[in-house]
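Data block for coords-v7.cif (mmCIF, C-alpha atoms):
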```cif
data_target
#
loop_
_atom_site.label_atom_id
_atom_site.label_comp_id
_atom_site.auth_asym_id
_atom_site.auth_seq_id
_atom_site.Cartn_x
_atom_site.Cartn_y
_atom_site.Cartn_z
CA MET A 470 0.00 0.00 0.00
CA ALA A 471 1.45 3.37 -1.00
CA GLU A 472 2.41 5.75 1.77
CA LYS A 473 0.50 9.03 2.12
CA THR A 474 2.39 12.07 0.97
CA GLY A 475 1.77 15.76 1.59
CA ARG A 476 2.48 18.46 4.17
CA ALA A 477 4.17 17.30 7.35
CA HIS A 478 2.00 18.50 10.24
CA PRO A 479 3.56 19.61 13.54
CA VAL A 480 3.33 17.11 16.35
CA SER A 481 3.87 19.49 19.28
CA TYR A 482 2.76 22.92 20.43
CA GLU A 483 6.24 24.38 19.94
CA ALA A 484 6.37 23.03 16.37
CA LEU A 485 2.93 24.49 15.73
CA MET A 486 4.05 27.96 16.84
CA LYS A 487 7.12 27.75 14.57
CA GLU A 488 4.99 26.77 11.56
CA ILE A 489 2.53 29.59 12.26
CA ALA A 490 5.38 32.12 12.39
CA LYS A 491 6.75 30.85 9.07
CA ILE A 492 3.51 31.40 7.17
CA GLY A 493 3.03 34.93 8.53
CA ILE A 494 0.28 34.37 11.12
CA GLU A 495 0.68 36.42 14.27
CA ARG A 496 -0.30 35.02 17.64
CA ILE A 497 -1.86 37.61 19.94
CA PRO A 498 -0.38 37.14 23.41
CA TYR A 499 -3.47 38.55 25.13
CA VAL A 500 -6.71 40.26 24.24
CA GLN A 501 -6.50 43.95 25.00
CA PRO A 502 -9.52 45.65 26.57
CA LEU A 503 -11.55 47.83 24.25
CA LYS A 504 -10.55 51.48 24.45
CA VAL A 505 -13.33 54.07 24.34
CA ARG A 506 -13.42 57.85 24.11
CA PRO A 507 -16.35 59.71 25.74
CA THR A 508 -18.40 61.82 23.36
CA GLY A 509 -19.10 64.42 26.05
CA ILE A 510 -22.86 63.91 25.58
CA ILE A 511 -24.30 61.81 28.39
CA SER A 512 -27.25 60.53 26.35
CA LEU A 513 -24.75 59.09 23.88
CA ASP A 514 -22.16 57.86 26.38
CA LEU A 515 -24.73 55.92 28.41
CA PRO A 516 -25.97 53.58 25.68
CA LEU A 517 -22.45 53.37 24.20
CA HIS A 518 -21.26 52.22 27.63
CA GLY A 519 -18.73 54.98 28.07
CA GLY A 520 -18.04 56.38 24.61
CA LEU A 521 -16.92 55.57 21.08
CA PRO A 522 -14.85 52.39 20.61
CA VAL A 523 -11.39 53.12 19.20
CA GLY A 524 -10.40 51.23 16.06
CA ARG A 525 -13.98 50.25 15.31
CA VAL A 526 -16.82 51.28 12.96
CA VAL A 527 -20.03 52.97 14.10
CA LEU A 528 -22.98 52.99 11.68
CA TRP A 529 -25.51 55.76 12.34
CA TYR A 530 -28.53 55.82 10.04
CA GLY A 531 -32.06 57.14 9.90
CA MET A 532 -34.58 59.13 7.95
CA GLU A 533 -33.82 62.48 6.40
CA GLY A 534 -33.85 65.39 8.82
CA SER A 535 -33.46 63.16 11.88
CA GLY A 536 -30.33 64.98 13.06
CA LYS A 537 -27.56 62.56 12.06
CA SER A 538 -25.14 65.22 10.87
CA SER A 539 -26.04 67.60 13.71
CA THR A 540 -25.44 64.92 16.33
CA TRP A 541 -21.96 64.13 15.05
CA MET A 542 -21.12 67.81 14.63
CA LEU A 543 -21.72 68.11 18.36
CA VAL A 544 -19.52 65.08 19.01
CA ALA A 545 -16.85 66.56 16.74
CA ARG A 546 -17.02 69.76 18.73
CA GLU A 547 -16.35 67.88 21.96
CA PHE A 548 -13.37 66.11 20.39
CA ILE A 549 -11.93 69.42 19.16
CA LYS A 550 -12.38 70.96 22.62
CA ARG A 551 -10.14 68.20 23.99
CA GLY A 552 -7.57 68.77 21.23
CA LEU A 553 -8.47 65.60 19.30
CA PRO A 554 -8.33 66.04 15.48
CA VAL A 555 -11.47 65.29 13.45
CA LEU A 556 -11.78 64.39 9.75
CA TRP A 557 -15.16 65.11 8.14
CA ILE A 558 -15.86 63.74 4.63
CA ASP A 559 -18.77 65.70 3.16
CA ALA A 560 -20.16 63.43 0.46
CA GLU A 561 -23.59 65.09 0.65
CA ARG A 562 -22.22 68.57 -0.03
CA THR A 563 -24.41 69.84 2.81
CA PHE A 564 -21.83 71.04 5.35
CA VAL A 565 -22.58 74.69 6.07
CA ARG A 566 -20.14 76.78 8.09
CA ASP A 567 -22.85 79.02 9.56
CA TYR A 568 -24.78 76.01 10.90
CA ALA A 569 -21.59 74.47 12.30
CA GLU A 570 -20.82 77.72 14.10
CA LEU A 571 -24.37 77.80 15.46
CA LEU A 572 -23.57 74.44 17.06
CA ALA A 573 -20.31 75.98 18.35
CA LEU A 574 -18.16 73.69 16.19
CA ASP A 575 -14.87 75.56 15.74
CA VAL A 576 -13.89 74.68 12.18
CA ASP A 577 -10.80 76.92 12.42
CA ALA A 578 -9.39 75.35 15.60
CA VAL A 579 -5.66 74.68 15.59
CA GLY A 580 -3.80 72.16 17.75
CA ASP A 581 -0.66 72.65 19.80
CA ASP A 582 1.38 71.49 16.82
CA GLY A 583 -0.02 74.28 14.65
CA LYS A 584 -2.05 71.89 12.50
CA PRO A 585 -5.86 72.20 12.05
CA LEU A 586 -8.02 70.11 14.36
CA PHE A 587 -10.91 69.97 11.87
CA ASP A 588 -10.37 68.81 8.30
CA LEU A 589 -13.29 69.02 5.85
CA LEU A 590 -12.77 66.98 2.68
CA LYS A 591 -14.84 66.21 -0.41
CA ALA A 592 -14.36 63.54 -3.06
CA ASN A 593 -15.83 62.92 -6.51
CA SER A 594 -16.12 59.13 -6.30
CA ALA A 595 -16.68 56.33 -3.82
CA GLU A 596 -13.29 54.81 -4.68
CA ALA A 597 -11.54 58.08 -3.83
CA VAL A 598 -13.33 58.17 -0.47
CA LEU A 599 -12.25 54.63 0.38
CA ASP A 600 -8.63 55.44 -0.51
CA MET A 601 -8.89 58.62 1.57
CA LEU A 602 -10.17 56.67 4.57
CA ILE A 603 -7.31 54.19 4.45
CA MET A 604 -4.67 56.93 4.16
CA ALA A 605 -6.23 58.86 7.06
CA MET A 606 -6.24 55.74 9.25
CA GLU A 607 -2.59 55.00 8.45
CA THR A 608 -1.48 58.50 9.52
CA ARG A 609 -2.99 57.89 13.00
CA ARG A 610 -3.61 61.64 13.42
CA HIS A 611 -7.39 61.87 13.34
CA LYS A 612 -9.25 60.42 16.32
CA LEU A 613 -12.72 60.73 14.79
CA ILE A 614 -13.49 60.17 11.09
CA VAL A 615 -17.04 60.93 9.93
CA LEU A 616 -18.35 59.93 6.49
CA ASP A 617 -21.49 61.93 5.67
CA THR A 618 -23.15 60.04 4.05
CA LEU A 619 -22.65 56.61 2.52
CA ALA A 620 -25.79 56.89 0.37
CA LYS A 621 -24.31 59.80 -1.60
CA LEU A 622 -21.12 58.06 -2.71
CA VAL A 623 -21.02 57.38 -6.46
CA PRO A 624 -18.80 54.57 -7.82
CA LEU A 625 -16.82 55.42 -10.95
CA THR A 626 -18.54 52.73 -13.03
CA GLU A 627 -21.94 54.13 -12.10
CA ALA A 628 -20.88 57.69 -12.92
CA ALA A 629 -19.56 56.65 -16.33
CA ALA A 630 -22.55 54.49 -17.26
CA SER A 631 -25.71 55.70 -18.96
CA LEU A 632 -28.58 56.64 -16.66
CA SER A 633 -30.75 54.10 -18.44
CA LYS A 634 -28.37 51.24 -17.68
CA ASP A 635 -28.99 49.17 -14.55
CA GLN A 636 -26.09 48.72 -12.13
CA MET A 637 -27.24 45.91 -9.84
CA GLY A 638 -25.34 45.48 -6.56
CA ILE A 639 -22.49 47.79 -7.53
CA HIS A 640 -22.53 49.64 -4.19
CA ALA A 641 -22.65 46.45 -2.13
CA ARG A 642 -19.70 44.93 -3.99
CA LEU A 643 -17.62 48.09 -3.66
CA TYR A 644 -18.32 48.57 0.04
CA SER A 645 -17.71 44.90 0.77
CA ARG A 646 -14.27 45.20 -0.81
CA GLY A 647 -13.66 48.49 0.99
CA THR A 648 -14.38 47.04 4.43
CA ARG A 649 -11.92 44.21 3.80
CA VAL A 650 -9.21 46.64 2.72
CA TRP A 651 -9.61 49.19 5.52
CA SER A 652 -9.97 46.59 8.32
CA GLU A 653 -6.22 46.24 8.85
CA ALA A 654 -5.63 50.00 8.72
CA LEU A 655 -8.47 50.57 11.19
CA ASP A 656 -7.06 47.94 13.59
CA THR A 657 -3.77 49.81 13.86
CA SER A 658 -5.29 53.31 13.80
CA ASP A 659 -6.23 55.41 16.80
CA ALA A 660 -9.57 56.52 15.36
CA THR A 661 -13.26 55.70 15.34
CA LEU A 662 -14.87 55.58 11.91
CA VAL A 663 -18.46 56.85 11.93
CA ILE A 664 -20.51 56.09 8.81
CA LEU A 665 -23.70 58.10 8.42
CA ASN A 666 -26.31 56.65 6.11
CA GLN A 667 -29.90 57.07 4.98
CA GLU A 668 -32.52 54.46 5.74
CA ARG A 669 -34.34 52.57 3.01
CA ILE A 670 -37.17 50.07 2.86
CA ASP A 671 -36.23 46.43 2.28
CA MET A 672 -39.00 45.43 -0.12
CA GLY A 673 -37.82 41.81 -0.20
CA SER A 674 -38.54 41.20 3.48
CA TYR A 675 -41.73 40.51 5.33
CA GLY A 676 -43.08 43.72 6.77
CA ALA A 677 -40.72 45.90 4.68
CA PRO A 678 -38.33 46.83 7.52
CA LYS A 679 -36.30 50.03 7.53
CA ILE A 680 -32.65 49.18 6.98
CA SER A 681 -29.34 50.86 6.18
CA GLY A 682 -28.41 50.63 2.50
CA GLY A 683 -25.05 49.58 1.09
CA GLY A 684 -25.10 45.84 1.49
CA LYS A 685 -24.51 43.33 4.28
CA ALA A 686 -20.87 44.34 4.80
CA ILE A 687 -21.85 47.85 5.87
CA SER A 688 -25.17 47.20 7.57
CA GLY A 689 -24.50 43.94 9.35
CA HIS A 690 -20.96 42.64 9.32
CA GLU A 691 -18.61 45.60 9.72
CA PRO A 692 -20.13 47.96 12.35
CA THR A 693 -19.38 47.37 16.01
CA ILE A 694 -22.25 49.69 16.94
CA THR A 695 -25.36 50.46 14.90
CA GLY A 696 -27.63 53.34 15.87
CA TYR A 697 -30.95 54.41 14.39
CA MET A 698 -32.41 57.92 14.57
CA GLY A 699 -36.06 58.87 14.31
CA ARG A 700 -37.50 62.29 13.67
CA ALA A 701 -35.90 65.34 15.25
CA GLU A 702 -37.52 68.44 16.68
CA ARG A 703 -36.12 71.92 16.26
CA GLN A 704 -37.14 74.95 18.26
CA VAL A 705 -36.43 78.34 16.73
CA SER A 706 -36.69 81.67 18.52
CA LYS A 707 -38.49 84.73 17.17
CA ALA A 708 -35.11 86.11 16.11
CA GLY A 709 -34.63 83.10 13.85
CA GLU A 710 -31.96 81.50 16.03
CA LEU A 711 -31.88 77.79 16.80
CA GLN A 712 -32.51 77.41 20.53
CA LYS A 713 -32.98 73.69 21.02
CA LEU A 714 -32.45 70.41 19.24
CA ILE A 715 -34.20 67.21 20.28
CA PHE A 716 -32.81 64.02 18.78
CA ARG A 717 -34.26 60.58 19.40
CA PHE A 718 -32.25 57.43 18.77
CA ASN A 719 -31.77 53.87 19.91
CA ILE A 720 -28.96 51.35 19.64
CA LYS A 721 -29.88 48.57 17.23
CA LYS A 722 -26.73 46.50 17.73
CA SER A 723 -23.57 46.53 19.81
CA LYS A 724 -20.70 44.04 19.55
CA ALA A 725 -18.47 46.12 21.80
CA PHE A 726 -19.94 44.89 25.07
CA ALA A 727 -21.70 41.90 26.55
CA PHE A 728 -25.01 43.75 26.58
CA VAL A 729 -26.59 46.93 25.34
CA PRO A 730 -27.71 49.03 28.33
CA LYS A 731 -31.37 49.97 28.27
CA ILE A 732 -32.99 52.70 30.33
CA SER A 733 -36.35 51.67 31.73
CA ILE A 734 -37.71 55.21 31.84
CA ALA A 735 -38.11 55.67 28.08
CA ASP A 736 -37.90 53.66 24.88
CA TYR A 737 -35.68 56.28 23.25
CA PHE A 738 -32.76 58.21 24.62
CA GLN A 739 -33.30 61.90 24.09
CA ILE A 740 -30.62 64.50 23.56
CA HIS A 741 -31.96 67.92 24.49
CA ILE A 742 -29.30 70.43 23.56
CA ALA A 743 -29.68 74.18 23.84
CA CYS A 744 -27.26 75.75 21.38
CA SER A 745 -25.47 79.06 21.67
CA ALA A 746 -22.52 80.69 19.96
CA ASP A 747 -19.83 79.29 22.24
CA HIS A 748 -21.28 76.39 24.21
CA TYR A 749 -24.30 74.21 24.73
CA GLU A 750 -26.10 73.29 27.91
CA ILE A 751 -27.74 69.93 28.45
CA ASP A 752 -31.45 70.21 29.14
CA TYR A 753 -31.07 68.65 32.57
CA PRO A 754 -34.60 67.34 33.32
CA TYR A 755 -34.19 64.98 30.38
CA GLU A 756 -30.43 64.55 30.30
CA LEU A 757 -28.54 64.82 33.59
CA PHE A 758 -31.62 64.02 35.69
CA LEU A 759 -32.33 60.91 33.61
CA ALA A 760 -28.72 59.75 33.92
CA ALA A 761 -28.62 60.30 37.69
CA GLN A 762 -31.89 58.41 38.19
CA SER A 763 -30.97 55.55 35.86
CA LEU A 764 -27.55 54.98 37.45
CA GLY A 765 -29.09 54.85 40.94
CA ILE A 766 -27.24 57.96 42.13
CA LEU A 767 -30.39 59.54 43.58
CA GLN A 768 -31.58 57.99 46.83
CA GLY A 769 -34.68 58.18 48.96
CA LYS A 770 -34.89 58.89 52.67
CA ASP A 771 -34.52 55.19 53.43
CA GLY A 772 -31.26 54.95 51.45
CA LYS A 773 -32.86 52.97 48.63
CA PRO A 774 -33.01 54.18 45.00
CA TRP A 775 -35.22 57.23 44.67
CA THR A 776 -38.63 56.86 43.04
CA LYS A 777 -40.95 59.81 43.49
CA LEU A 778 -40.74 61.81 46.76
CA VAL A 779 -37.69 63.46 48.36
CA ALA A 780 -34.43 62.76 46.53
CA TYR A 781 -31.06 62.78 48.27
CA TYR A 782 -27.45 62.74 47.13
CA ASP A 783 -24.66 62.25 49.66
CA GLY A 784 -27.07 63.14 52.44
CA GLU A 785 -28.25 66.40 50.85
CA SER A 786 -31.81 66.93 49.70
CA LEU A 787 -32.39 67.84 46.05
CA GLY A 788 -36.14 68.39 46.16
CA ASN A 789 -39.50 66.76 46.78
CA GLY A 790 -41.12 65.16 43.74
CA LYS A 791 -40.08 64.85 40.13
CA GLU A 792 -40.65 68.50 39.18
CA GLN A 793 -38.52 69.87 42.03
CA VAL A 794 -35.72 67.38 41.42
CA GLN A 795 -35.70 68.20 37.71
CA ALA A 796 -35.60 71.90 38.55
CA PHE A 797 -32.55 71.29 40.75
CA PHE A 798 -30.59 70.01 37.74
CA VAL A 799 -31.39 73.11 35.65
CA GLU A 800 -29.38 75.53 37.78
CA LYS A 801 -25.60 75.16 37.92
CA THR A 802 -24.63 74.64 41.55
CA PRO A 803 -21.59 73.01 43.21
CA LEU A 804 -23.72 70.02 44.25
CA ARG A 805 -25.09 69.57 40.72
CA ASP A 806 -21.54 69.73 39.34
CA ARG A 807 -20.48 67.04 41.83
CA ILE A 808 -23.30 64.79 40.64
CA GLU A 809 -22.33 65.35 37.00
CA ALA A 810 -18.70 64.53 37.76
CA ASP A 811 -19.85 61.38 39.59
CA ILE A 812 -21.85 60.29 36.52
CA HIS A 813 -18.88 60.73 34.16
CA GLN A 814 -16.55 58.94 36.58
CA ARG A 815 -18.89 55.95 36.78
CA MET A 816 -19.25 55.77 33.02
CA GLU A 817 -15.51 56.03 32.38
CA SER A 818 -14.63 53.43 35.03
CA GLY A 819 -17.31 51.00 33.84
CA GLN A 820 -18.11 50.13 37.46
CA TRP A 821 -21.83 50.64 37.25
CA GLN A 822 -24.93 48.72 36.29
CA MET A 823 -27.97 50.07 34.53
CA PRO A 824 -31.43 48.63 35.28
CA SER A 825 -32.80 46.50 32.47
CA GLN A 826 -35.84 47.68 30.55
CA GLY A 827 -39.05 47.11 32.47
CA GLU A 828 -37.26 46.63 35.81
CA THR A 829 -39.01 48.29 38.73
CA ARG A 830 -37.38 49.46 41.92
CA GLU A 831 -39.10 48.88 45.23
CA SER A 832 -38.94 51.68 47.73
CA GLU A 833 -40.43 52.45 51.11
CA GLU A 834 -40.21 56.15 50.38
CA SER A 835 -43.94 56.38 49.85
CA LYS A 836 -44.31 55.92 53.61
CA ASP A 837 -42.33 59.08 54.28
CA ASP A 838 -44.10 62.34 54.91
CA ALA A 839 -43.60 65.01 52.27
CA GLU A 840 -41.06 67.52 53.32
#
```
As structure tokens, please, write out the structure in this file.
Amino acid sequence: MAEKTGRAHPVSYEALMKEIAKIGIERIPYVQPLKVRPTGIISLDLPLHGGLPVGRVVLWYGMEGSGKSSTWMLVAREFIKRGLPVLWIDAERTFVRDYAELLALDVDAVGDDGKPLFDLLKANSAEAVLDMLIMAMETRRHKLIVLDTLAKLVPLTEAAASLSKDQMGIHARLYSRGTRVWSEALDTSDATLVILNQERIDMGSYGAPKISGGGKAISGHEPTITGYMGRAERQVSKAGELQKLIFRFNIKKSKAFAFVPKISIADYFQIHIACSADHYEIDYPYELFLAAQSLGILQGKDGKPWTKLVAYYDGESLGNGKEQVQAFFVEKTPLRDRIEADIHQRMESGQWQMPSQGETRESEESKDDAE
């Protein structure tokens, strides 16, 4: 009987490691913990479990006018305030300097090295954008890269073809190849890639769900975090100035953590942001108050999590009833600043637990007399 011939397989662990090294496969000695950067917006940092994952992709999609670009302009502003460079790729051709300045995004900011902290780029084709992304990741300068939006990228073959000619699946094939090419560059970069996209209706599915276009690579396989935005509300003063933005979103998917935190108070996180020329203030009854209540920072008289009567923090009373406690968070006071610092510290350390959706807290506070 003839002997079997072929590759000689290693017979020991040491021989296996030598063979792996020969063929160019790298063994990772340990799995590093995921690094995150806070966005500076509590309503975003809470569901993201501390901030944006570094070296990962975030897909943020929704209907037109839902506030996708505005939300990430605010995040970009927070990055620039901390001296972290931002790259913004304006594929929609909708970036307006006046609106960015209304959101207090300093597009002319310069870092300590004399280089701009905000780079606004445009490209004429989808291929040029993909090349631009890879080069930006390899430089390791930008900490936040925003592509606005994926739906507006035009492949060269589509641009050169007749409008009457069908181009089936051209976007999906291009983006699938792009994700494979940029994966290695993104792994070694120090940035978070945020892809903004429009929603579309999947006519081939039961119930015609709203999905993110661009193929499975973009919508399902590549993103570590996928967020969906509904309709936004804008409040304008009599002078024509934007006073408040209300954005509603939820986290559809997260592969960055073991679970996606859910707040039991509302189905959607709400960002209430009052804009001015140089800063924005969180609308505290919906933002800081919601975070303090959800993280269990507010306590009742009995020391248990606060529900509805007198709320305490570190032994100090904040008010009696929801309206008074919300009003406490509106005014900037040393105690309110201490609570805000406590919230950020808990989020950054990761040593906190958020109640699951539908969970109720028992409290004996209802037996207390109103103060």
- Query: Using all atoms listed in the file, what residues lie at most 9 Å away from (-9.7, 64.6, 15.6) (file coordinates), given as a list in words?
  - Reply: Ala545, Phe548, Ile549, Gly552, Leu553, Pro554, Val555, Leu556, Leu586, Phe587, Asp588, Arg610, His611, Lys612, Leu613, Ile614 and Ala660 of chain A
Go ahead and dump the residues you just picked, C-alpha atoms, as an mmCIF file, keeping the file's coordinate frame.
```cif
data_model
loop_
_atom_site.group_PDB
_atom_site.id
_atom_site.type_symbol
_atom_site.label_atom_id
_atom_site.label_comp_id
_atom_site.auth_asym_id
_atom_site.auth_seq_id
_atom_site.Cartn_x
_atom_site.Cartn_y
_atom_site.Cartn_z
ATOM 1 C CA ALA A 545 -16.850 66.560 16.740
ATOM 2 C CA PHE A 548 -13.370 66.110 20.390
ATOM 3 C CA ILE A 549 -11.930 69.420 19.160
ATOM 4 C CA GLY A 552 -7.570 68.770 21.230
ATOM 5 C CA LEU A 553 -8.470 65.600 19.300
ATOM 6 C CA PRO A 554 -8.330 66.040 15.480
ATOM 7 C CA VAL A 555 -11.470 65.290 13.450
ATOM 8 C CA LEU A 556 -11.780 64.390 9.750
ATOM 9 C CA LEU A 586 -8.020 70.110 14.360
ATOM 10 C CA PHE A 587 -10.910 69.970 11.870
ATOM 11 C CA ASP A 588 -10.370 68.810 8.300
ATOM 12 C CA ARG A 610 -3.610 61.640 13.420
ATOM 13 C CA HIS A 611 -7.390 61.870 13.340
ATOM 14 C CA LYS A 612 -9.250 60.420 16.320
ATOM 15 C CA LEU A 613 -12.720 60.730 14.790
ATOM 16 C CA ILE A 614 -13.490 60.170 11.090
ATOM 17 C CA ALA A 660 -9.570 56.520 15.360
#
```
- Task: Might you spell out which residues the PyMOL selection byres ((chain A and resi 506) around 8) would select in the displayed file, as a ChimeraX atom specification?
- Result: /A:504-505,507-508,519-523
Store the residues picked out above in a file with C-alpha atoms, as a compact mmCIF listing (two decimals), in the coordinates of the input.
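The resulting file, part.txt, is shown below:
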```
# COMPACT_ATOMS: atom_id res chain seq x y z
CA LYS A 504 -10.55 51.48 24.45
CA VAL A 505 -13.33 54.07 24.34
CA PRO A 507 -16.35 59.71 25.74
CA THR A 508 -18.40 61.82 23.36
CA GLY A 519 -18.73 54.98 28.07
CA GLY A 520 -18.04 56.38 24.61
CA LEU A 521 -16.92 55.57 21.08
CA PRO A 522 -14.85 52.39 20.61
CA VAL A 523 -11.39 53.12 19.20
```
- Calculate how many Å separate atom CA of Leu528 of chain A from atom CA of Gly509 of chain A, rounding to one decimal. 18.8 Å
- Task: Enter the distance from atom CA of Ala560 of chain A to atom CA of Asp659 of chain A, in Å, rounded to one decimal.
- Result: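 Between these atoms lies a distance of 22.9 Å.
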- Task: Check the smallest atom-to-atom distance from each of A:Leu757, A:Lys773, A:Leu622, A:Ser645 to Ile510 of chain A using only C-alpha atoms, then report the winner.
- Result: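 Result for the nearest residue to Ile510 of chain A: A:Leu757.
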Fewer than 2 positions away in the same chain doesn't count, so skip those; otherwise give me all residues within 10 Å of Val615 of chain A, counting all atoms listed in the file, as a PDB file with C-alpha atoms, in the coordinates of the input.
```
ATOM      1  CA  VAL A 527     -20.030  52.970  14.100  1.00  0.00           C
ATOM      2  CA  SER A 538     -25.140  65.220  10.870  1.00  0.00           C
ATOM      3  CA  TRP A 541     -21.960  64.130  15.050  1.00  0.00           C
ATOM      4  CA  MET A 542     -21.120  67.810  14.630  1.00  0.00           C
ATOM      5  CA  ALA A 545     -16.850  66.560  16.740  1.00  0.00           C
ATOM      6  CA  VAL A 555     -11.470  65.290  13.450  1.00  0.00           C
ATOM      7  CA  LEU A 556     -11.780  64.390   9.750  1.00  0.00           C
ATOM      8  CA  TRP A 557     -15.160  65.110   8.140  1.00  0.00           C
ATOM      9  CA  ILE A 558     -15.860  63.740   4.630  1.00  0.00           C
ATOM     10  CA  ASP A 559     -18.770  65.700   3.160  1.00  0.00           C
ATOM     11  CA  LEU A 589     -13.290  69.020   5.850  1.00  0.00           C
ATOM     12  CA  LEU A 602     -10.170  56.670   4.570  1.00  0.00           C
ATOM     13  CA  LEU A 613     -12.720  60.730  14.790  1.00  0.00           C
ATOM     14  CA  ASP A 617     -21.490  61.930   5.670  1.00  0.00           C
ATOM     15  CA  THR A 618     -23.150  60.040   4.050  1.00  0.00           C
ATOM     16  CA  THR A 661     -13.260  55.700  15.340  1.00  0.00           C
ATOM     17  CA  LEU A 662     -14.870  55.580  11.910  1.00  0.00           C
ATOM     18  CA  VAL A 663     -18.460  56.850  11.930  1.00  0.00           C
ATOM     19  CA  ILE A 664     -20.510  56.090   8.810  1.00  0.00           C
ATOM     20  CA  LEU A 665     -23.700  58.100   8.420  1.00  0.00           C
TER      21      LEU A 665
END
```
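Across A:Thr695, A:Gln667, A:Arg642, A:Val623, the tightest approach to Asn719 of chain A is made by A:Thr695 when counting all atoms listed in the file.
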Just segment 775-802 of chain A from the block, C-alpha atoms, as a compact mmCIF listing (two decimals), in the first residue's frame, could you?
```txt
# COMPACT_ATOMS: atom_id res chain seq x y z
CA TRP A 775 -35.22 57.23 44.67
CA THR A 776 -38.63 56.86 43.04
CA LYS A 777 -40.95 59.81 43.49
CA LEU A 778 -40.74 61.81 46.76
CA VAL A 779 -37.69 63.46 48.36
CA ALA A 780 -34.43 62.76 46.53
CA TYR A 781 -31.06 62.78 48.27
CA TYR A 782 -27.45 62.74 47.13
CA ASP A 783 -24.66 62.25 49.66
CA GLY A 784 -27.07 63.14 52.44
CA GLU A 785 -28.25 66.40 50.85
CA SER A 786 -31.81 66.93 49.70
CA LEU A 787 -32.39 67.84 46.05
CA GLY A 788 -36.14 68.39 46.16
CA ASN A 789 -39.50 66.76 46.78
CA GLY A 790 -41.12 65.16 43.74
CA LYS A 791 -40.08 64.85 40.13
CA GLU A 792 -40.65 68.50 39.18
CA GLN A 793 -38.52 69.87 42.03
CA VAL A 794 -35.72 67.38 41.42
CA GLN A 795 -35.70 68.20 37.71
CA ALA A 796 -35.60 71.90 38.55
CA PHE A 797 -32.55 71.29 40.75
CA PHE A 798 -30.59 70.01 37.74
CA VAL A 799 -31.39 73.11 35.65
CA GLU A 800 -29.38 75.53 37.78
CA LYS A 801 -25.60 75.16 37.92
CA THR A 802 -24.63 74.64 41.55
```
